[in-house]
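Listing of coords_36.cif; format and content: mmCIF, C-alpha atoms.
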```cif
data_data
#
loop_
_atom_site.label_atom_id
_atom_site.label_comp_id
_atom_site.auth_asym_id
_atom_site.auth_seq_id
_atom_site.Cartn_x
_atom_site.Cartn_y
_atom_site.Cartn_z
CA PHE U 115 211.33 77.19 -95.27
CA PRO U 116 209.62 75.50 -98.22
CA ALA U 117 210.31 77.32 -101.49
CA CYS U 118 206.56 77.93 -101.92
CA LEU U 119 206.43 80.37 -98.98
CA LEU U 120 205.88 84.01 -99.99
CA ALA U 121 206.99 87.17 -98.15
CA PRO U 122 203.96 87.57 -95.80
CA ALA U 123 204.28 83.99 -94.56
CA ARG U 124 208.02 84.38 -94.01
CA ALA U 125 207.44 87.65 -92.12
CA PHE U 126 204.83 85.93 -89.93
CA LEU U 127 207.30 83.18 -89.00
CA HIS U 128 210.11 85.66 -88.30
CA ALA U 129 207.74 87.62 -86.02
CA ARG U 130 207.25 84.39 -84.05
CA GLY U 131 211.04 84.00 -83.77
CA ILE U 132 211.05 81.07 -86.22
CA ASP U 133 213.76 80.83 -88.87
CA ARG U 134 213.45 77.10 -89.51
CA LEU U 135 210.45 74.75 -89.62
CA TYR U 136 210.19 71.25 -88.25
CA ALA U 137 209.86 68.60 -90.94
CA HIS U 138 206.24 67.87 -90.04
CA GLN U 139 205.36 71.58 -90.27
CA ALA U 140 206.93 71.88 -93.73
CA ALA U 141 205.13 68.75 -94.94
CA ALA U 142 201.74 69.95 -93.65
CA ILE U 143 202.18 73.44 -95.14
CA GLU U 144 203.16 72.06 -98.55
CA ALA U 145 200.19 69.64 -98.55
CA ALA U 146 197.71 72.38 -97.61
CA LEU U 147 199.08 74.81 -100.20
CA ALA U 148 198.75 72.03 -102.78
CA GLY U 149 195.01 72.00 -102.07
CA ARG U 150 194.81 68.79 -100.05
CA ASP U 151 192.82 68.19 -96.86
CA VAL U 152 195.26 67.56 -94.00
CA VAL U 153 195.16 66.02 -90.52
CA ILE U 154 198.09 66.70 -88.15
CA SER U 155 198.53 64.42 -85.13
CA THR U 156 201.96 65.38 -83.75
CA GLY U 157 202.56 65.74 -80.01
CA PRO U 158 201.83 68.60 -77.58
CA ALA U 159 203.66 71.89 -78.25
CA SER U 160 204.89 70.65 -81.64
CA GLY U 161 203.75 73.78 -83.49
CA LYS U 162 200.55 72.40 -85.02
CA SER U 163 198.99 75.87 -85.26
CA ILE U 164 201.77 76.93 -87.66
CA CYS U 165 200.69 74.08 -89.95
CA TYR U 166 197.38 75.79 -90.73
CA GLN U 167 198.23 79.45 -90.02
CA ILE U 168 200.87 79.70 -92.77
CA PRO U 169 198.78 78.22 -95.66
CA MET U 170 195.83 80.29 -94.48
CA LEU U 171 197.85 83.51 -94.37
CA GLN U 172 199.49 82.91 -97.73
CA THR U 173 196.17 82.15 -99.44
CA LEU U 174 194.33 85.11 -97.90
CA ALA U 175 197.20 87.53 -98.65
CA ALA U 176 197.21 86.47 -102.32
CA ASP U 177 193.41 86.51 -102.78
CA PRO U 178 191.59 89.52 -101.24
CA GLU U 179 188.24 87.69 -101.48
CA ALA U 180 189.39 84.51 -99.67
CA THR U 181 188.21 83.74 -96.12
CA ALA U 182 188.95 81.15 -93.45
CA LEU U 183 186.88 79.58 -90.66
CA LEU U 184 188.62 78.41 -87.48
CA ILE U 185 186.57 76.06 -85.27
CA PHE U 186 187.66 75.43 -81.68
CA PRO U 187 185.78 73.35 -79.09
CA THR U 188 185.71 76.12 -76.46
CA LYS U 189 185.47 79.90 -76.25
CA VAL U 190 188.67 80.16 -74.21
CA LEU U 191 190.73 78.32 -76.83
CA SER U 192 189.14 80.31 -79.65
CA ARG U 193 189.91 83.63 -77.96
CA ASP U 194 193.45 82.56 -77.10
CA GLN U 195 194.25 81.58 -80.69
CA THR U 196 192.57 84.72 -82.05
CA ALA U 197 194.66 87.00 -79.85
CA ALA U 198 197.89 85.19 -80.77
CA TRP U 199 197.12 85.42 -84.52
CA ASN U 200 196.28 89.14 -84.39
CA LEU U 201 199.36 90.04 -82.34
CA THR U 202 201.72 88.15 -84.63
CA MET U 203 200.08 89.59 -87.75
CA GLU U 204 200.58 93.15 -86.51
CA GLN U 205 204.22 92.48 -85.62
CA ALA U 206 204.85 90.85 -89.00
CA LEU U 207 202.94 93.04 -91.44
CA GLY U 208 202.29 96.30 -89.63
CA PRO U 209 198.97 97.67 -88.31
CA VAL U 210 197.27 98.52 -91.62
CA PRO U 211 197.95 95.29 -93.62
CA ALA U 212 197.28 93.21 -90.49
CA ALA U 213 193.88 94.87 -90.03
CA ARG U 214 192.74 93.39 -93.37
CA LEU U 215 193.53 89.87 -92.10
CA ARG U 216 192.43 90.33 -88.51
CA ALA U 217 190.74 87.31 -86.88
CA MET U 218 187.31 88.06 -85.42
CA PRO U 219 185.63 85.90 -82.75
CA LEU U 220 182.06 84.66 -83.10
CA ASP U 221 180.89 83.20 -79.81
CA GLY U 222 178.46 83.85 -76.99
CA ASP U 223 180.56 86.78 -75.74
CA THR U 224 180.57 88.59 -79.10
CA ARG U 225 178.51 91.80 -79.08
CA GLY U 226 175.94 92.50 -81.78
CA GLU U 227 178.02 95.28 -83.32
CA ASP U 228 181.08 93.01 -83.52
CA ARG U 229 178.99 90.28 -85.19
CA ARG U 230 177.90 92.76 -87.82
CA LEU U 231 181.52 93.75 -88.46
CA ALA U 232 182.50 90.09 -88.78
CA ARG U 233 179.70 89.49 -91.34
CA GLU U 234 180.55 92.54 -93.40
CA HIS U 235 184.35 92.64 -93.23
CA GLY U 236 185.74 89.50 -91.55
CA ARG U 237 188.34 87.46 -93.43
CA VAL U 238 189.27 85.10 -90.58
CA LEU U 239 186.43 83.96 -88.32
CA SER U 240 187.08 82.11 -85.05
CA THR U 241 184.12 80.22 -83.62
CA ASN U 242 182.93 77.02 -81.90
CA PRO U 243 180.60 74.20 -83.04
CA GLU U 244 177.54 75.59 -81.25
CA MET U 245 177.78 79.04 -82.84
CA LEU U 246 178.43 77.53 -86.27
CA HIS U 247 175.30 75.39 -85.90
CA THR U 248 172.93 77.94 -84.33
CA SER U 249 174.12 81.30 -85.67
CA LEU U 250 176.05 81.07 -88.94
CA LEU U 251 174.49 78.17 -90.86
CA PRO U 252 170.77 78.94 -90.27
CA HIS U 253 171.40 82.53 -91.46
CA HIS U 254 173.90 81.76 -94.19
CA GLY U 255 172.21 84.23 -96.54
CA ARG U 256 173.52 87.04 -94.36
CA TRP U 257 177.04 85.54 -94.54
CA THR U 258 177.16 85.30 -98.35
CA ARG U 259 180.33 87.40 -98.69
CA PHE U 260 182.21 85.27 -96.17
CA LEU U 261 180.97 81.90 -97.45
CA ARG U 262 181.58 82.76 -101.10
CA GLY U 263 185.30 83.12 -100.40
CA LEU U 264 185.66 80.22 -97.92
CA ARG U 265 188.96 78.47 -98.62
CA TYR U 266 189.96 76.88 -95.29
CA VAL U 267 188.03 75.21 -92.48
CA VAL U 268 190.28 74.44 -89.51
CA LEU U 269 189.25 72.10 -86.68
CA ASP U 270 191.73 72.30 -83.82
CA GLU U 271 191.63 69.76 -80.97
CA ALA U 272 189.78 67.39 -83.30
CA HIS U 273 189.88 64.53 -80.76
CA VAL U 274 186.84 66.01 -78.96
CA TYR U 275 184.57 65.14 -81.91
CA THR U 276 183.80 61.57 -80.89
CA GLY U 277 180.66 59.66 -79.98
CA PHE U 278 177.29 61.40 -80.40
CA PHE U 279 178.97 64.81 -80.37
CA GLY U 280 181.23 63.71 -83.22
CA ALA U 281 178.26 62.36 -85.19
CA ASN U 282 176.45 65.67 -84.79
CA MET U 283 179.60 67.57 -85.77
CA ALA U 284 179.97 65.46 -88.92
CA ASN U 285 176.45 66.48 -89.95
CA VAL U 286 177.18 70.14 -89.21
CA LEU U 287 180.35 70.00 -91.34
CA ARG U 288 178.49 68.37 -94.23
CA ARG U 289 175.90 71.10 -94.02
CA LEU U 290 178.68 73.70 -94.01
CA GLN U 291 180.13 72.21 -97.19
CA ARG U 292 176.71 72.18 -98.91
CA VAL U 293 176.11 75.80 -97.97
CA ALA U 294 179.59 76.84 -99.12
CA ARG U 295 179.08 75.07 -102.47
CA ALA U 296 175.74 76.84 -102.86
CA HIS U 297 177.61 80.13 -102.51
CA GLY U 298 180.27 79.02 -105.00
CA ALA U 299 183.10 77.93 -102.69
CA ARG U 300 184.96 74.66 -102.15
CA ALA U 301 186.77 74.75 -98.83
CA GLN U 302 189.57 72.43 -97.77
CA ALA U 303 189.92 71.16 -94.20
CA VAL U 304 192.83 71.07 -91.75
CA PHE U 305 192.43 68.95 -88.60
CA ALA U 306 194.84 69.07 -85.66
CA SER U 307 195.15 67.17 -82.38
CA ALA U 308 197.93 65.74 -80.22
CA THR U 309 195.88 62.75 -79.00
CA LEU U 310 194.33 61.01 -81.99
CA GLY U 311 194.60 57.25 -82.29
CA ASN U 312 193.02 57.06 -85.77
CA PRO U 313 193.64 60.49 -87.36
CA ALA U 314 192.96 59.71 -91.02
CA GLU U 315 189.79 57.73 -90.24
CA LEU U 316 188.37 60.41 -87.95
CA ALA U 317 189.10 63.20 -90.43
CA GLU U 318 187.40 61.32 -93.27
CA ARG U 319 184.34 60.52 -91.13
CA LEU U 320 184.00 64.13 -90.05
CA TRP U 321 184.68 65.81 -93.39
CA GLY U 322 183.54 63.16 -95.84
CA ARG U 323 186.78 63.18 -97.87
CA PRO U 324 190.18 61.49 -97.32
CA ALA U 325 192.82 63.69 -95.68
CA GLN U 326 196.60 63.45 -95.84
CA HIS U 327 197.95 62.39 -92.45
CA ILE U 328 201.00 64.17 -90.98
CA GLY U 329 202.04 62.25 -87.85
CA ALA U 330 205.85 62.00 -87.67
CA ASP U 331 206.72 64.51 -84.93
CA ALA U 332 210.06 66.22 -85.57
CA GLY U 333 209.78 68.68 -82.66
CA PRO U 334 211.84 68.63 -79.46
CA ALA U 335 210.43 66.97 -76.36
CA GLY U 336 211.78 66.66 -72.84
CA ARG U 337 211.36 63.66 -70.61
CA ARG U 338 207.89 63.25 -69.07
CA THR U 339 207.79 61.20 -65.87
CA PHE U 340 204.48 59.58 -64.90
CA VAL U 341 203.94 58.73 -61.22
CA ILE U 342 200.95 56.64 -60.12
CA TRP U 343 200.22 57.79 -56.57
CA ASN U 344 198.06 55.56 -54.40
CA PRO U 345 196.87 57.30 -51.19
CA PRO U 346 198.23 55.46 -48.12
CA ARG U 347 196.07 53.21 -46.02
CA ILE U 348 194.52 54.57 -42.84
CA LEU U 349 195.62 52.14 -40.14
CA ALA U 350 193.83 51.98 -36.82
CA ARG U 351 192.44 48.95 -34.98
CA ALA U 352 190.81 47.82 -38.21
CA TRP U 353 191.01 48.51 -41.94
CA ARG U 354 189.45 51.91 -42.67
CA GLY U 355 190.26 52.45 -46.33
CA ARG U 356 192.69 54.98 -47.78
CA ARG U 357 193.44 58.62 -47.21
CA SER U 358 191.53 61.17 -49.33
CA ALA U 359 192.96 61.64 -52.81
CA ASN U 360 192.10 65.35 -52.58
CA VAL U 361 194.12 65.75 -49.37
CA GLU U 362 197.07 63.87 -50.87
CA ALA U 363 196.89 65.98 -54.04
CA HIS U 364 196.81 69.33 -52.27
CA GLU U 365 199.79 68.33 -50.09
CA LEU U 366 201.72 67.26 -53.18
CA MET U 367 200.86 70.54 -54.89
CA VAL U 368 202.00 72.57 -51.86
CA ARG U 369 205.36 70.76 -51.85
CA LEU U 370 205.82 71.38 -55.59
CA LEU U 371 204.95 75.08 -55.25
CA ARG U 372 207.33 75.52 -52.30
CA ALA U 373 210.03 74.07 -54.58
CA ASP U 374 209.12 76.77 -57.16
CA VAL U 375 207.71 74.22 -59.64
CA PRO U 376 204.84 75.70 -61.72
CA THR U 377 201.98 73.22 -61.23
CA ILE U 378 198.49 72.56 -62.58
CA CYS U 379 196.00 70.31 -60.77
CA PHE U 380 193.05 68.78 -62.67
CA THR U 381 189.85 67.80 -60.88
CA LYS U 382 186.56 66.37 -62.17
CA ALA U 383 184.17 68.96 -60.69
CA ARG U 384 183.97 72.71 -60.16
CA ASN U 385 183.47 72.49 -56.42
CA THR U 386 186.51 70.18 -56.12
CA ALA U 387 188.66 72.68 -58.04
CA GLU U 388 187.57 75.47 -55.69
CA MET U 389 188.13 73.25 -52.65
CA MET U 390 191.65 72.32 -53.82
CA TYR U 391 192.42 76.00 -54.35
CA ARG U 392 191.30 76.83 -50.78
CA TYR U 393 193.31 73.93 -49.33
CA VAL U 394 196.48 75.04 -51.10
CA ARG U 395 196.04 78.73 -50.22
CA THR U 396 195.36 77.88 -46.58
CA ALA U 397 198.50 75.74 -46.36
CA LEU U 398 200.73 78.42 -47.92
CA GLU U 399 199.40 81.64 -46.40
CA PRO U 400 200.88 81.39 -42.86
CA ASP U 401 204.54 81.37 -43.95
CA ALA U 402 204.46 82.08 -47.71
CA PRO U 403 201.70 84.64 -48.44
CA ALA U 404 203.39 85.86 -51.65
CA LEU U 405 203.43 82.29 -52.93
CA ALA U 406 199.80 81.75 -51.93
CA ALA U 407 198.81 84.84 -53.94
CA ARG U 408 200.17 83.20 -57.10
CA VAL U 409 197.69 80.28 -56.90
CA ILE U 410 194.34 80.58 -58.71
CA PRO U 411 191.25 78.47 -59.42
CA TYR U 412 189.91 78.08 -62.97
CA ARG U 413 186.59 76.56 -64.02
CA GLY U 414 183.56 77.18 -66.15
CA GLY U 415 181.07 79.78 -64.97
CA TYR U 416 183.32 82.84 -64.77
CA SER U 417 182.41 86.02 -66.58
CA ALA U 418 184.26 86.85 -69.79
CA ALA U 419 186.34 89.53 -68.04
CA GLU U 420 187.31 87.16 -65.20
CA ARG U 421 188.36 84.46 -67.68
CA ARG U 422 190.50 86.88 -69.68
CA ALA U 423 192.28 88.13 -66.54
CA LEU U 424 193.03 84.60 -65.29
CA GLU U 425 194.23 83.47 -68.71
CA ALA U 426 196.52 86.51 -69.04
CA ASP U 427 198.11 85.77 -65.65
CA LEU U 428 198.68 82.14 -66.67
CA SER U 429 200.17 82.97 -70.04
CA ALA U 430 202.49 85.64 -68.61
CA GLY U 431 203.81 83.36 -65.86
CA ARG U 432 202.46 85.49 -63.01
CA THR U 433 200.57 82.42 -61.76
CA LEU U 434 202.60 79.57 -60.24
CA GLY U 435 199.75 77.17 -59.49
CA VAL U 436 196.26 76.58 -60.87
CA CYS U 437 193.49 74.25 -59.69
CA THR U 438 191.14 73.58 -62.56
CA THR U 439 188.49 71.39 -64.15
CA ARG U 440 188.72 70.13 -67.74
CA ALA U 441 188.30 73.78 -68.80
CA LEU U 442 192.10 74.03 -69.30
CA GLU U 443 192.51 70.56 -70.80
CA LEU U 444 192.68 71.83 -74.37
CA GLY U 445 195.59 73.62 -76.01
CA VAL U 446 195.30 77.05 -74.40
CA ASP U 447 198.55 78.94 -73.83
CA ILE U 448 199.03 78.50 -70.08
CA GLY U 449 202.72 79.30 -69.87
CA ALA U 450 205.63 77.06 -68.96
CA LEU U 451 204.16 74.66 -66.40
CA GLU U 452 206.35 71.78 -65.22
CA ALA U 453 204.11 69.55 -63.08
CA CYS U 454 200.58 68.22 -63.53
CA ILE U 455 198.46 66.50 -60.86
CA ILE U 456 195.42 64.56 -62.12
CA ILE U 457 193.01 63.54 -59.35
CA GLY U 458 191.45 60.31 -60.54
CA TYR U 459 191.51 58.84 -64.02
CA PRO U 460 189.61 61.31 -66.26
CA GLY U 461 187.76 58.54 -68.13
CA THR U 462 189.48 58.42 -71.52
CA LEU U 463 193.05 58.20 -72.76
CA ASN U 464 192.42 61.33 -74.82
CA SER U 465 191.64 63.36 -71.70
CA PHE U 466 194.51 61.81 -69.75
CA PHE U 467 197.13 62.67 -72.36
CA GLN U 468 195.61 66.09 -73.02
CA GLN U 469 195.90 66.94 -69.32
CA ALA U 470 199.39 65.50 -69.13
CA GLY U 471 200.29 67.52 -72.23
CA ARG U 472 199.63 70.81 -70.42
CA VAL U 473 203.13 70.56 -68.89
CA GLY U 474 206.56 70.23 -70.43
CA ARG U 475 205.55 72.33 -73.43
CA THR U 476 209.18 73.36 -73.95
CA SER U 477 212.09 70.97 -74.29
CA GLY U 478 212.36 70.72 -70.48
CA ASP U 479 211.39 67.72 -68.36
CA ALA U 480 207.94 67.40 -66.81
CA LEU U 481 206.22 65.49 -64.00
CA VAL U 482 202.69 64.04 -64.15
#
```
Rewrite the coordinates I just gave you, this time as structure tokens.
Amino acid sequence: FPACLLAPARAFLHARGIDRLYAHQAAAIEAALAGRDVVISTGPASGKSICYQIPMLQTLAADPEATALLIFPTKVLSRDQTAAWNLTMEQALGPVPAARLRAMPLDGDTRGEDRRLAREHGRVLSTNPEMLHTSLLPHHGRWTRFLRGLRYVVLDEAHVYTGFFGANMANVLRRLQRVARAHGARAQAVFASATLGNPAELAERLWGRPAQHIGADAGPAGRRTFVIWNPPRILARAWRGRRSANVEAHELMVRLLRADVPTICFTKARNTAEMMYRYVRTALEPDAPALAARVIPYRGGYSAAERRALEADLSAGRTLGVCTTRALELGVDIGALEACIIIGYPGTLNSFFQQAGRVGRTSGDALV
């Protein structure tokens, strides 16, 4: 551990089962604690969340007025990271000290009473760009306590802020900084993503200030094998094209599941994800009903309770196969999956490598 780490930060790491940091984690933590803006672009499952959680915890534990804002692109990722932070805090510090640093979500699923508690008592706020833009900033006078102490703004999965969306996000972040300064605070930023081609440039364009780039990944990584699968030709009297990619994909997924390989299949549309799920279940149910029961669909449009239940099954390893849209593309904890099937090129290298990065998140090998 860096010598600058105090007891709460060390307890947090020990609660996560960590007694040594990777070199990139130590470098990012030291830079953030020195007051610099930081962008981390190491690979999937390289412990990027530790790079902002430790400086944030140490600063908030030392200053009872300090606050932190965590911005995630989706509600599911925000809720996943919030739950992980709160659980680790309680294990590390005990229920009463952890309650003072509890992360509170601010999204479309947050009830009115919980929003009031976040305004009045929240130290760590977990939100998404839409809620920041439409709920917090227009009513910043009601968030004076939180904004006055704002020390950290964290943008996880920063690669999503490109194009027109990225331009809008840059304006939102500049507005956030102006509002924070008006309330007497100067926040520093931490950006994180596994699939950034120009990390320092993107961070500066979004935040308006240069950020120190941490990109040398010192974490372990297994071998990832990429297979380009072209559906076979349909041969009859004349050329009739190729076999359906969806049919090929569901047959591949069935073979992987029968071999007890935890598998995720990415599709481009909700109805395709549901169709793939039905295909796989139908193929497995006659002779392997227990295996079929461990396959689920995942897409946008579920209720909050349904999403939480599906995510819990994924994280705990009770699910062996999942057919999904891009809803699980970002860094949600989805357990130890080993194979990923991507039906059709998703359109950008960012999306391709994000989807491929959902598997092999330990030091084991993975198949894409």
Residue with smallest distance to Gly415 of chain U - pool U:Arg256, U:Thr439, U:Asp194, U:Arg262, counting all atoms listed in the file:
U:Thr439
What is the atom CA of Leu371 of chain U-atom CA of Arg392 of chain U distance in Å, reported with one decimal?
14.5 Å
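Take atom CA of Ala325 of chain U and atom CA of Val238 of chain U: the distance between them is 22.3 Å.
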Picked residues, the PyMOL selection byres ((chain U and resi 336) around 12), expected as a VMD selection string
chain U and resid 157 to 160 333 to 335 337 to 339 452 471 473 to 481
Interface rows for segment 297-381 of chain U against segment 270-290 of chain U: nearest pair, Å to one decimal, 10 Å, only C-alpha atoms, as a Markdown table:
```
| residue | atom | partner | partner_atom | distance |
| --- | --- | --- | --- | --- |
| U:Ala301 | CA | U:Leu290 | CA | 9.5 |
| U:Val304 | CA | U:Asp270 | CA | 8.1 |
| U:Phe305 | CA | U:Asp270 | CA | 5.9 |
| U:Ala306 | CA | U:Asp270 | CA | 4.8 |
| U:Ser307 | CA | U:Glu271 | CA | 4.6 |
| U:Ala308 | CA | U:Glu271 | CA | 7.5 |
| U:Thr309 | CA | U:His273 | CA | 6.5 |
| U:Leu310 | CA | U:His273 | CA | 5.8 |
| U:Gly311 | CA | U:His273 | CA | 8.8 |
| U:Asn312 | CA | U:His273 | CA | 9.5 |
| U:Pro313 | CA | U:His273 | CA | 8.6 |
| U:Leu316 | CA | U:His273 | CA | 8.4 |
| U:Ala317 | CA | U:Ala272 | CA | 8.3 |
| U:Glu318 | CA | U:Ala284 | CA | 9.6 |
| U:Arg319 | CA | U:Ala284 | CA | 7.0 |
| U:Leu320 | CA | U:Ala284 | CA | 4.4 |
| U:Trp321 | CA | U:Leu287 | CA | 6.4 |
| U:Gly322 | CA | U:Arg288 | CA | 7.4 |
```
Counting only C-alpha atoms, the residue of U:Pro116, U:Pro122, U:Pro243, U:Pro211 that sits nearest Arg134 of chain U
U:Pro116
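With all atoms listed in the file as the basis for measurement, U:Leu171 is the residue among U:Ala182, U:Val375, U:Leu349, U:Leu171 that approaches Ala212 of chain U most closely.
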